[in-house]
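Structure first, commentary second.
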Amino acid sequence: MRSRPQPRWLVKVYAALFGVILVCAAGVIYLLVLKTVLGSFDGRSGGWLAGAPPRTAVLVSKYTADYGASIGSEFLAGGERFWVDHLRSEEGAADVELIDDDDLERWGRSGNRKYDNLVLPGVYCLSSAERDAITRFLEAGGGVVATGPTGCRDETGAWATFDFLRTLTGGAIVDPLSDSTAVLPWYISLRGETPVTANLPAGLKIRIRDGRFALAVTGADGESAAFYADGTGAPVDILPDAAADIFPAVVRRRAGKGRIVWIGFTMANVVFDKEIVGAPHRMAVNAVRWTSGRTVGAIATWPDAERCAVVFSQDTESYFENAAATRSVFEKIGVPITYFCVSDSAVKNAPLTASLAGTGEVGSHSDNHAPFAGESYDTQYERLARSRDDLEEITGSPCVGMRPPEEKYDGNTVAALAAAGYRYLVGGVRLPSAVPRILTVPGTHVAAGGGARRIVAIPRTGYDDNYIIEQLALHEPKEILDAYRRSFQTQYMRGGVYFVSFHTHLLAREGVAEVMPKLVNHVRSKKTWITSAAGVAEWWVERDALRMSADVTSPGRLTVHVSNEYDRTVPRAVTFLDLPRRPSSIRISSDIVGTPQPDYDLSDDGYRLNLRLEKLKPRENRSFRIDLS
């Protein structure tokens with residue numbers, strides 16, 4: 001029996017349905033392929049191109065400019081130029097547009113659908129409509145970067161209290177500097193490894209021009225990225241054994257869906273000297289990227305992402321025989337110590353000097369304890385070479401470091417150190433941060449053998465026993481211990497190196513056995529790396545050779561690149577990433593066959609991801625895909 005032909009209209013329906021099925025199948029296949037390339041696209045962190053520059057609005061506040069003109073203040077005009085210039089100068093930092101007060105007030109009426117974040121540069125004066133617009137913008141998931149006493153006055157310049165700023169920062173506003181002119185100048189000191197200070201030296205000091213125009217916030221529910229400090233980098237005020245500084249100068253926090261970075265001073269109030277070149281720029285870029293929900297990352301300061309490196313050291317000079325007590329104490333404690341020995345005294349006490357090398361590193365404290373600064377290159381080279389030879393002959397170990405007497409040295413000292421084969425020096429006050437600096441030394445002297453050498457300059461951070469005992473007049477072991485612990489707390493906050501320094505003629509003479517074991521236990525209770533001075537120097541050269549970049553392919557995928565430009569293997573390193581959101585799961589893979597997969601861990605809040613890399617070979621490059629879901 002022959003089947004009846006289908007009506008033409010039904011054939012058309014079947015063809016249309018088949019076409020729809022083909023299109024849907026092709027779309028699913030395309031999306032699956034796209035997901036393989038881009039990762040998850042759940043849309044919670046912006047558009048699919050989450051790695052695109054943040055769309056950033058910078059407010060040009062006529063209300064603030066008019067108020068500044070009325071009081072003749074140089075700090076209340078043109079602040080937007082810094083942000084526009086610096087954000088536009090770095091490719092991919094931000095897609096920047098200027099807006100005015102009318103534009104911002106319209107956000108409150110119609111909402112904002114264009115920008116990821118808003119920069120308020122020194123905007124003292126805000127109308128109530130602008131405050132409402134900013135509040136709604138944050139509630140909708142926008143980001144805000146603000147500097148100075150934001151919104152403390154209304155559009156007419158009349159005082160409006162700190163209420164709006166308290167809402168932004170989540171804490172109480174204080175003025176720590178204006179009544180303390182006796183100890184000016186003031187600085188801020190950066191805390192290492194925050195998203196705002198990524199790729200900046202931990203503890204970097206940035207000078208504030210006028211303390212009357214600087215504010216702090218206390219009790220905030222966010223994270224401090226910098227605190228007000230004196231010229232040594234110590235906080236303006238700190239409670240003994242406090243868990244955090246009490247005068248934060250830069251704070252970042254999450255407020256619901258929104259993100260806020262508040263800087264307690266305007267960029268017009270920063271002294272741009274050669275020591276901080278690039279630091280304000282990097283802070284600006286980091287702040288904008290973090291508030292817009294982009295990823296910020298860097299190489300961790302210390303090998304296993306420790307918060308602080310700690311070096312115990314003794315200047316072994318007069319009363320040289322007291323080094324025996326120090327050796328006994330540290331042998332029992334079981335931590336490394338670096339002895340900086342005056343070599344003339346070491347020769348006279350050769351058996352004791354040789355025994356020191358069995359419990360720690362032996363470096364030079366010069367040949368005769370005379371300062372180096374001001375002497376000719378030839379004289380300095382001769383002294384350093386003699387000290388090195390004497391110490392190496394006694395100990396049988398390389399002498400690679402030197403701590404100059406009285407911390408006095410000059411360019412000839414650095415050149416002579418390099419020529420004599422030293423790798424590092426320790427000297428405090430010349431360095432602007434709490435981490436080492438690598439000094440490149442041209443080979444201009446015959447003794448240097450041509451070419452460039454590098455010397456690692458390690459800051460001698462923190463109080464030493466000379467300051468504690470002689471200047472503070474603290475003599476009881478408990479008082480000395482408390483002073484050392486407060487000094488450690490400062491360096492722990494900064495995230496740099498804490499250089500515990502004492503002398504054979506002071507602490508080692510009578511208090512080392514009572515103080516050092518308790519200080520070591522306190523330091524061990526924190527996330528610290530206890531090592532020798534040579535250990536810090538070696539790591540710093542290795543870290544200097546590491547390069548890292550992170551690209552966001554989509555809201556669900558990051559690509560991380562790490563390379564080792566050193567001619568030797570770097571045994572271990574950690575890269576950290578501040579993620580755009582808290583993931584429920586993480587998957588790490590690589591397109592390069594045989595690439596060792598890193599271990600990883602997440603911070604308690606779920607936003608910081610640490611990638612732990614092992615044995616990066618010379619000139620090796622590693623790339624990873626990180627899928628978040």
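Residues are named by chain letter and number: chains run A, B, ... in the order of the structure tokens, numbers start at 1 in each chain, and ligands are numbered from 1 in the order shown.
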Once you count only C-alpha atoms, what closest atom pair and distance in Å to one decimal does each residue of segment 246-296 of chain A within 10 Å of segment 88-92 of chain A have, with rows by chain and rising residue number, as a Markdown table?
```
| residue | atom | partner | partner_atom | distance |
| --- | --- | --- | --- | --- |
| A:His281 | CA | A:Glu90 | CA | 9.2 |
| A:Arg282 | CA | A:Glu90 | CA | 9.7 |
| A:Val285 | CA | A:Glu90 | CA | 8.3 |
| A:Arg289 | CA | A:Gly92 | CA | 9.8 |
```
Could you give me, as a VMD selection string, each residue of segment 217-319 of chain A that DSSP assigns to strand (DSSP E or B) when run on this structure's backbone? chain A and resid 217 to 218 223 to 229 235 248 to 255 258 to 263 270 296 to 299 308 to 317 319
Could you pull out the residues in segment 156-258 of chain A that DSSP calls alpha helix (DSSP H) from the backbone, as a list in words?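 Listing alpha helix (DSSP H) positions across segment 156-258 of chain A yields Asp163, Phe164, Leu165, Arg166, Thr167, Leu168 and Thr169 of chain A.
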If you count only C-alpha atoms, which residues fall within 6 Å of Arg557 of chain A, apart from same-chain ones fewer than 3 positions away, as a list in words?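 The residues satisfying every condition are Gly39, Thr553, Ser554, Ile626 and Asp627 of chain A.
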Using only C-alpha atoms, the residue out of A:Arg113, A:Ser501, A:Val456, A:Arg619 with shortest distance to Trp540 of chain A is A:Val456
Neighbouring residues of Ser487 of chain A were defined as those with any atom within 10 Å, considering only C-alpha atoms; residues of the same chain fewer than 6 positions away were excluded. Please report them as an mmCIF file with all heavy atoms, in the first residue's frame.
```cif
data_model
loop_
_atom_site.group_PDB
_atom_site.id
_atom_site.type_symbol
_atom_site.label_atom_id
_atom_site.label_comp_id
_atom_site.auth_asym_id
_atom_site.auth_seq_id
_atom_site.Cartn_x
_atom_site.Cartn_y
_atom_site.Cartn_z
ATOM 1 N N ALA A 234 58.710 53.285 61.514
ATOM 2 C CA ALA A 234 57.901 52.825 62.647
ATOM 3 C C ALA A 234 56.580 53.587 62.671
ATOM 4 O O ALA A 234 56.517 54.762 62.301
ATOM 5 C CB ALA A 234 58.651 53.037 63.954
ATOM 6 N N PRO A 240 51.424 48.229 72.358
ATOM 7 C CA PRO A 240 52.309 47.073 72.534
ATOM 8 C C PRO A 240 51.609 45.775 72.141
ATOM 9 O O PRO A 240 50.476 45.522 72.561
ATOM 10 C CB PRO A 240 52.640 47.103 74.029
ATOM 11 C CG PRO A 240 52.460 48.541 74.419
ATOM 12 C CD PRO A 240 51.317 49.036 73.578
ATOM 13 N N ASP A 241 52.296 44.984 71.300
ATOM 14 C CA ASP A 241 51.770 43.685 70.848
ATOM 15 C C ASP A 241 50.445 43.811 70.107
ATOM 16 O O ASP A 241 49.649 42.883 70.065
ATOM 17 C CB ASP A 241 51.589 42.732 72.036
ATOM 18 C CG ASP A 241 52.891 42.536 72.796
ATOM 19 O OD1 ASP A 241 53.943 42.512 72.146
ATOM 20 O OD2 ASP A 241 52.851 42.437 74.029
ATOM 21 N N THR A 461 66.742 46.888 59.869
ATOM 22 C CA THR A 461 65.473 47.400 60.370
ATOM 23 C C THR A 461 65.331 47.104 61.851
ATOM 24 O O THR A 461 65.869 46.128 62.370
ATOM 25 C CB THR A 461 64.306 46.749 59.618
ATOM 26 O OG1 THR A 461 64.472 45.327 59.684
ATOM 27 C CG2 THR A 461 64.281 47.178 58.162
ATOM 28 N N GLY A 462 64.588 47.926 62.543
ATOM 29 C CA GLY A 462 64.283 47.652 63.946
ATOM 30 C C GLY A 462 65.335 48.168 64.907
ATOM 31 O O GLY A 462 66.426 48.585 64.527
ATOM 32 N N TYR A 463 64.973 48.145 66.176
ATOM 33 C CA TYR A 463 65.873 48.590 67.240
ATOM 34 C C TYR A 463 67.007 47.595 67.414
ATOM 35 O O TYR A 463 66.814 46.381 67.297
ATOM 36 C CB TYR A 463 65.144 48.700 68.575
ATOM 37 C CG TYR A 463 63.969 49.633 68.601
ATOM 38 C CD1 TYR A 463 62.922 49.422 69.501
ATOM 39 C CD2 TYR A 463 63.884 50.740 67.759
ATOM 40 C CE1 TYR A 463 61.832 50.281 69.565
ATOM 41 C CE2 TYR A 463 62.810 51.598 67.809
ATOM 42 C CZ TYR A 463 61.778 51.369 68.712
ATOM 43 O OH TYR A 463 60.712 52.213 68.751
ATOM 44 N N ASP A 464 68.208 48.093 67.750
ATOM 45 C CA ASP A 464 69.267 47.205 68.228
ATOM 46 C C ASP A 464 69.477 47.454 69.721
ATOM 47 O O ASP A 464 68.845 48.335 70.320
ATOM 48 C CB ASP A 464 70.552 47.393 67.422
ATOM 49 C CG ASP A 464 71.184 48.767 67.615
ATOM 50 O OD1 ASP A 464 70.640 49.589 68.379
ATOM 51 O OD2 ASP A 464 72.225 49.024 66.996
ATOM 52 N N LEU A 481 63.222 42.723 76.141
ATOM 53 C CA LEU A 481 62.424 41.816 75.319
ATOM 54 C C LEU A 481 61.208 42.531 74.745
ATOM 55 O O LEU A 481 60.888 42.397 73.548
ATOM 56 C CB LEU A 481 61.997 40.603 76.142
ATOM 57 C CG LEU A 481 61.042 39.624 75.452
ATOM 58 C CD1 LEU A 481 61.691 38.997 74.230
ATOM 59 C CD2 LEU A 481 60.587 38.538 76.440
ATOM 60 N N TYR A 498 63.120 41.687 59.319
ATOM 61 C CA TYR A 498 63.390 42.172 60.670
ATOM 62 C C TYR A 498 64.792 41.744 61.032
ATOM 63 O O TYR A 498 65.089 40.547 61.142
ATOM 64 C CB TYR A 498 62.379 41.591 61.654
ATOM 65 C CG TYR A 498 62.638 41.955 63.107
ATOM 66 C CD1 TYR A 498 62.970 43.249 63.471
ATOM 67 C CD2 TYR A 498 62.541 40.995 64.105
ATOM 68 C CE1 TYR A 498 63.215 43.582 64.796
ATOM 69 C CE2 TYR A 498 62.767 41.316 65.437
ATOM 70 C CZ TYR A 498 63.113 42.610 65.778
ATOM 71 O OH TYR A 498 63.355 42.941 67.083
ATOM 72 N N PHE A 499 65.682 42.725 61.202
ATOM 73 C CA PHE A 499 67.085 42.442 61.469
ATOM 74 C C PHE A 499 67.338 42.642 62.959
ATOM 75 O O PHE A 499 67.470 43.760 63.436
ATOM 76 C CB PHE A 499 67.974 43.376 60.636
ATOM 77 C CG PHE A 499 69.224 42.717 60.151
ATOM 78 C CD1 PHE A 499 69.257 42.080 58.930
ATOM 79 C CD2 PHE A 499 70.362 42.708 60.940
ATOM 80 C CE1 PHE A 499 70.406 41.459 58.475
ATOM 81 C CE2 PHE A 499 71.514 42.087 60.510
ATOM 82 C CZ PHE A 499 71.539 41.454 59.259
ATOM 83 N N VAL A 500 67.375 41.526 63.693
ATOM 84 C CA VAL A 500 67.628 41.569 65.131
ATOM 85 C C VAL A 500 69.132 41.743 65.326
ATOM 86 O O VAL A 500 69.914 40.865 64.986
ATOM 87 C CB VAL A 500 67.153 40.287 65.828
ATOM 88 C CG1 VAL A 500 67.336 40.418 67.333
ATOM 89 C CG2 VAL A 500 65.703 39.986 65.478
#
```
For Gly264 of chain A, find every residue with an atom within 9 Å (counting only C-alpha atoms), except residues of its own chain fewer than 3 positions away, and show them as a list of chain:residue names.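 Selected residues are A:Ala146, A:Thr147, A:Gly148, A:Pro149, A:Phe213, A:Ala214, A:Leu215, A:Ala216, A:Val217, A:Pro248, A:Ala249, A:Val250, A:Val251.
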Need to verify the contact set: Ile530 of chain A, 8 Å, only C-alpha atoms, exclusion of same-chain residues closer than 3 positions in sequence. Can you return it as a VMD selection string? chain A and resid 309 to 311 335 to 336
